[in-house]
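Each remark here refers to the structure printed beneath this line.
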Amino acid sequence: MMPTPPQHLDLQFIGNATTLIRYGDVTLLTDPNFLHRGARAYLGHGLTSRRLHEPALGVDQLPTDIDAVILSHLHGDHWDRVTRRGLDRSLPVLTTPHAARRLRRWHRFGAAVAMRTWQSHTVSGRMCQVKVTALPGRQAGGGVLRRLLPPVMGSLLEFGPVDGPAELRLYLSGDTMPLPPVVGAVARHCRGMDLAVLHLGGTRLPGGFLVTMDGAQGAAFAAQLDPRWVMPVHYEEYTVMKSPLADFLDAARERKLNDRLVVCERGGRVVLRPGRPPVIEPPDPAPRPTLPASEA
């Protein structure tokens with residue numbers, strides 16, 4: 001059998017933390033959030049947040065060959081009512097045990113896969129595969145706030161040919177704060193990563209509690225991880241996000257990381273090949289129709 005030629009990684013940024021990832025004949029969807037602009041995401045315990053931008057694709061515009069969904073945690077800006085109605089319920093959803101139980105029991109996604117920290121699950125096509133490993137993540141240090149928030153995971157994605165070595169390695173942070181146990185464990189496991197996709201935004205809950213990295217924290221985390229490339233997501237999307245992209249870009253420049261940044265517009269693509277700089281492709285100039293919030 002002829003060896004599988006090297007493949008490229010194609011990430012389409014749909015909005016918030018939602019990306020469509022293709023590698024050869026494997027397709028993944030991350031943190032599916034398809035609420036329309038103006039709709040409210042439910043964050044639990046009576047909290048909601050209004051979406052400020054339209055996603056680049058609707059759930060009905062997704063490709064039909066998605067192999068699996070990677071869900072960092074069960075919050076309304078990562079898994080929403082539009083997603084629940086529109087996604088194929090037979091899709092595997094790789095997520096935390098907390099989220100998997102609820103997806104199977106309440107949302108009828110019977111193929112949800114519960115992944116404890118450091119557990120791995122491989123998604124395979126005919127030629128290519130991706131090994132997904134659950135990594136540590138925490139939105140709060142401890143106390144009452146930690147008990148109120150759903151468990152969260154980061155993910156290590158290792159792409160390569162079926163039964164062959166990994167050719168590209170990708171880190172998805174999930175909605176984690178850069179707490180020492182998280183930073184230390186992830187940095188040890190993910191040093192030399194090809195691409196780190198960081199969830200930012202500086203999300204603040206009532207009382208001023210910060211539950212996602214702001215710009216300065218994201219830049220510090222990136223410096224400790226030391227990946228080849230850094231892609232920011234999860235910013236300026238909901239009213240609870242208080243740290244704009246500019247905060248991260250300024251902090252990254254101060255840490256001499258500006259030549260590693262991969263900033264992609266909603267609807268744009270990032271194409272990454274082994275050993276080569278990423279190519280950023282702009283979004284399709286034809287906008288998708290916008291629906292009123294009442295239809296979300």
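Chain labels run A, B, ... following the order of the structure tokens; each chain numbers its residues from 1, and ligands are numbered from 1 in the order shown.
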
| said: At a cut-off of 6 Å, using only C-alpha atoms, what residues contact A:Val69? Leave out same-chain residues fewer than 3 positions from it and give the result as a list in words. | reply: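 Here the qualifying residues turn out to be Leu28, Leu29, Thr30 and Val93 of chain A.
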
Expected file contents, prior selection, C-alpha atoms, as a compact mmCIF listing (two decimals), in the first residue's frame:
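Below you can see selection04.txt, which holds the result:
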```txt
# COMPACT_ATOMS: atom_id res chain seq x y z
CA LEU A 28 -14.50 17.88 13.11
CA LEU A 29 -16.72 20.62 14.54
CA THR A 30 -15.79 22.40 17.78
CA VAL A 93 -19.72 14.38 20.79
```

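Among the residues of stretch 9-186 of chain A, backbone DSSP assigns alpha helix (DSSP H) to A:Arg81, A:Val82, A:Thr83, A:Arg84, A:Arg85, A:Gly86, A:Pro97, A:His98, A:Ala99, A:Ala100, A:Arg101, A:Arg102, A:Leu103, A:Arg104, A:Arg105, A:Gly143, A:Val144, A:Leu145, A:Arg146, A:Arg147, A:Leu148, A:Pro180, A:Pro181, A:Val182, A:Val183, A:Gly184, A:Ala185, A:Val186.
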
The selected residues should be written to file as a PDB file, in the first residue's frame (atoms: N, CA and C atoms).
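New file selection_30.pdb:
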```
ATOM      1  N   ARG A  81     -29.606  25.943  21.688  1.00  0.00           N
ATOM      2  CA  ARG A  81     -30.865  25.339  21.232  1.00  0.00           C
ATOM      3  C   ARG A  81     -30.914  25.171  19.721  1.00  0.00           C
ATOM      4  N   VAL A  82     -30.264  26.075  18.966  1.00  0.00           N
ATOM      5  CA  VAL A  82     -30.211  25.929  17.506  1.00  0.00           C
ATOM      6  C   VAL A  82     -29.364  24.708  17.146  1.00  0.00           C
ATOM      7  N   THR A  83     -28.243  24.557  17.808  1.00  0.00           N
ATOM      8  CA  THR A  83     -27.390  23.376  17.620  1.00  0.00           C
ATOM      9  C   THR A  83     -28.147  22.102  17.956  1.00  0.00           C
ATOM     10  N   ARG A  84     -28.822  22.115  19.085  1.00  0.00           N
ATOM     11  CA  ARG A  84     -29.536  20.922  19.556  1.00  0.00           C
ATOM     12  C   ARG A  84     -30.588  20.465  18.546  1.00  0.00           C
ATOM     13  N   ARG A  85     -31.272  21.439  17.931  1.00  0.00           N
ATOM     14  CA  ARG A  85     -32.297  21.085  16.949  1.00  0.00           C
ATOM     15  C   ARG A  85     -31.703  20.690  15.604  1.00  0.00           C
ATOM     16  N   GLY A  86     -30.563  21.297  15.241  1.00  0.00           N
ATOM     17  CA  GLY A  86     -30.074  21.165  13.879  1.00  0.00           C
ATOM     18  C   GLY A  86     -29.029  20.113  13.629  1.00  0.00           C
ATOM     19  N   PRO A  97     -17.378  14.177  31.101  1.00  0.00           N
ATOM     20  CA  PRO A  97     -18.418  13.253  31.596  1.00  0.00           C
ATOM     21  C   PRO A  97     -19.700  13.981  32.001  1.00  0.00           C
ATOM     22  N   HIS A  98     -19.569  15.154  32.609  1.00  0.00           N
ATOM     23  CA  HIS A  98     -20.737  15.953  33.002  1.00  0.00           C
ATOM     24  C   HIS A  98     -21.600  16.279  31.793  1.00  0.00           C
ATOM     25  N   ALA A  99     -20.990  16.780  30.737  1.00  0.00           N
ATOM     26  CA  ALA A  99     -21.751  17.153  29.544  1.00  0.00           C
ATOM     27  C   ALA A  99     -22.285  15.918  28.823  1.00  0.00           C
ATOM     28  N   ALA A 100     -21.482  14.848  28.749  1.00  0.00           N
ATOM     29  CA  ALA A 100     -21.912  13.640  28.036  1.00  0.00           C
ATOM     30  C   ALA A 100     -23.172  13.058  28.662  1.00  0.00           C
ATOM     31  N   ARG A 101     -23.236  13.023  29.982  1.00  0.00           N
ATOM     32  CA  ARG A 101     -24.435  12.491  30.652  1.00  0.00           C
ATOM     33  C   ARG A 101     -25.666  13.287  30.269  1.00  0.00           C
ATOM     34  N   ARG A 102     -25.541  14.603  30.260  1.00  0.00           N
ATOM     35  CA  ARG A 102     -26.692  15.444  29.947  1.00  0.00           C
ATOM     36  C   ARG A 102     -27.058  15.373  28.468  1.00  0.00           C
ATOM     37  N   LEU A 103     -26.067  15.295  27.611  1.00  0.00           N
ATOM     38  CA  LEU A 103     -26.365  15.189  26.182  1.00  0.00           C
ATOM     39  C   LEU A 103     -27.105  13.895  25.866  1.00  0.00           C
ATOM     40  N   ARG A 104     -26.690  12.815  26.501  1.00  0.00           N
ATOM     41  CA  ARG A 104     -27.355  11.535  26.249  1.00  0.00           C
ATOM     42  C   ARG A 104     -28.761  11.511  26.858  1.00  0.00           C
ATOM     43  N   ARG A 105     -28.879  12.023  28.076  1.00  0.00           N
ATOM     44  CA  ARG A 105     -30.136  11.877  28.818  1.00  0.00           C
ATOM     45  C   ARG A 105     -31.181  12.906  28.406  1.00  0.00           C
ATOM     46  N   GLY A 143     -14.082  27.043  45.514  1.00  0.00           N
ATOM     47  CA  GLY A 143     -15.196  27.627  46.233  1.00  0.00           C
ATOM     48  C   GLY A 143     -16.517  27.470  45.517  1.00  0.00           C
ATOM     49  N   VAL A 144     -17.457  28.351  45.858  1.00  0.00           N
ATOM     50  CA  VAL A 144     -18.819  28.268  45.340  1.00  0.00           C
ATOM     51  C   VAL A 144     -18.843  28.435  43.831  1.00  0.00           C
ATOM     52  N   LEU A 145     -18.044  29.359  43.287  1.00  0.00           N
ATOM     53  CA  LEU A 145     -18.076  29.619  41.842  1.00  0.00           C
ATOM     54  C   LEU A 145     -17.706  28.374  41.054  1.00  0.00           C
ATOM     55  N   ARG A 146     -16.707  27.646  41.501  1.00  0.00           N
ATOM     56  CA  ARG A 146     -16.314  26.436  40.782  1.00  0.00           C
ATOM     57  C   ARG A 146     -17.442  25.416  40.783  1.00  0.00           C
ATOM     58  N   ARG A 147     -18.183  25.322  41.895  1.00  0.00           N
ATOM     59  CA  ARG A 147     -19.286  24.365  41.968  1.00  0.00           C
ATOM     60  C   ARG A 147     -20.454  24.782  41.084  1.00  0.00           C
ATOM     61  N   LEU A 148     -20.581  26.068  40.817  1.00  0.00           N
ATOM     62  CA  LEU A 148     -21.695  26.552  39.999  1.00  0.00           C
ATOM     63  C   LEU A 148     -21.433  26.422  38.497  1.00  0.00           C
ATOM     64  N   PRO A 180      -2.382  27.816  37.868  1.00  0.00           N
ATOM     65  CA  PRO A 180      -1.107  27.090  37.833  1.00  0.00           C
ATOM     66  C   PRO A 180      -1.221  25.601  37.528  1.00  0.00           C
ATOM     67  N   PRO A 181      -2.183  24.855  38.120  1.00  0.00           N
ATOM     68  CA  PRO A 181      -2.255  23.426  37.780  1.00  0.00           C
ATOM     69  C   PRO A 181      -2.554  23.182  36.307  1.00  0.00           C
ATOM     70  N   VAL A 182      -3.368  24.056  35.704  1.00  0.00           N
ATOM     71  CA  VAL A 182      -3.705  23.907  34.290  1.00  0.00           C
ATOM     72  C   VAL A 182      -2.507  24.272  33.420  1.00  0.00           C
ATOM     73  N   VAL A 183      -1.930  25.429  33.681  1.00  0.00           N
ATOM     74  CA  VAL A 183      -0.813  25.908  32.862  1.00  0.00           C
ATOM     75  C   VAL A 183       0.345  24.922  32.898  1.00  0.00           C
ATOM     76  N   GLY A 184       0.689  24.456  34.094  1.00  0.00           N
ATOM     77  CA  GLY A 184       1.816  23.542  34.214  1.00  0.00           C
ATOM     78  C   GLY A 184       1.591  22.246  33.465  1.00  0.00           C
ATOM     79  N   ALA A 185       0.420  21.644  33.643  1.00  0.00           N
ATOM     80  CA  ALA A 185       0.143  20.359  32.998  1.00  0.00           C
ATOM     81  C   ALA A 185       0.082  20.495  31.487  1.00  0.00           C
ATOM     82  N   VAL A 186      -0.604  21.530  31.007  1.00  0.00           N
ATOM     83  CA  VAL A 186      -0.737  21.705  29.560  1.00  0.00           C
ATOM     84  C   VAL A 186       0.606  22.059  28.930  1.00  0.00           C
TER      85      VAL A 186
END
```

Could you produce a table of the residues of stretch 12-130 of chain A lying within 9 Å of stretch 230-250 of chain A, with the nearest pair of atoms per residue and their separation in Å rounded to one decimal, using only C-alpha atoms, ordered by chain and increasing residue number, as a tab-separated table?
```
residue	atom	partner	partner_atom	distance
A:Phe13	CA	A:Val233	CA	8.3
A:Gly15	CA	A:His234	CA	7.5
A:Asn16	CA	A:His234	CA	4.3
A:Ala17	CA	A:His234	CA	5.0
A:Thr18	CA	A:His234	CA	8.4
A:Arg40	CA	A:Tyr238	CA	8.8
A:Ala41	CA	A:Tyr238	CA	8.6
A:Thr48	CA	A:Val240	CA	8.8
A:Ser49	CA	A:Thr239	CA	5.7
A:Arg50	CA	A:Tyr238	CA	5.5
A:Arg51	CA	A:Tyr238	CA	4.6
A:Leu52	CA	A:Glu237	CA	5.4
A:His53	CA	A:Glu237	CA	6.1
A:Glu54	CA	A:Glu237	CA	8.9
A:Asp77	CA	A:Tyr238	CA	8.3
```

| task | Please indicate the distance in Å from atom CA of A:Ala196 to atom CA of A:Leu43, rounded to one decimal place. | result |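 Between atom CA of A:Ala196 and atom CA of A:Leu43 the gap works out to 25.4 Å.
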
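If you look at atom CA of A:Val113 and atom CA of A:Arg273, they are 29.1 Å away from each other.
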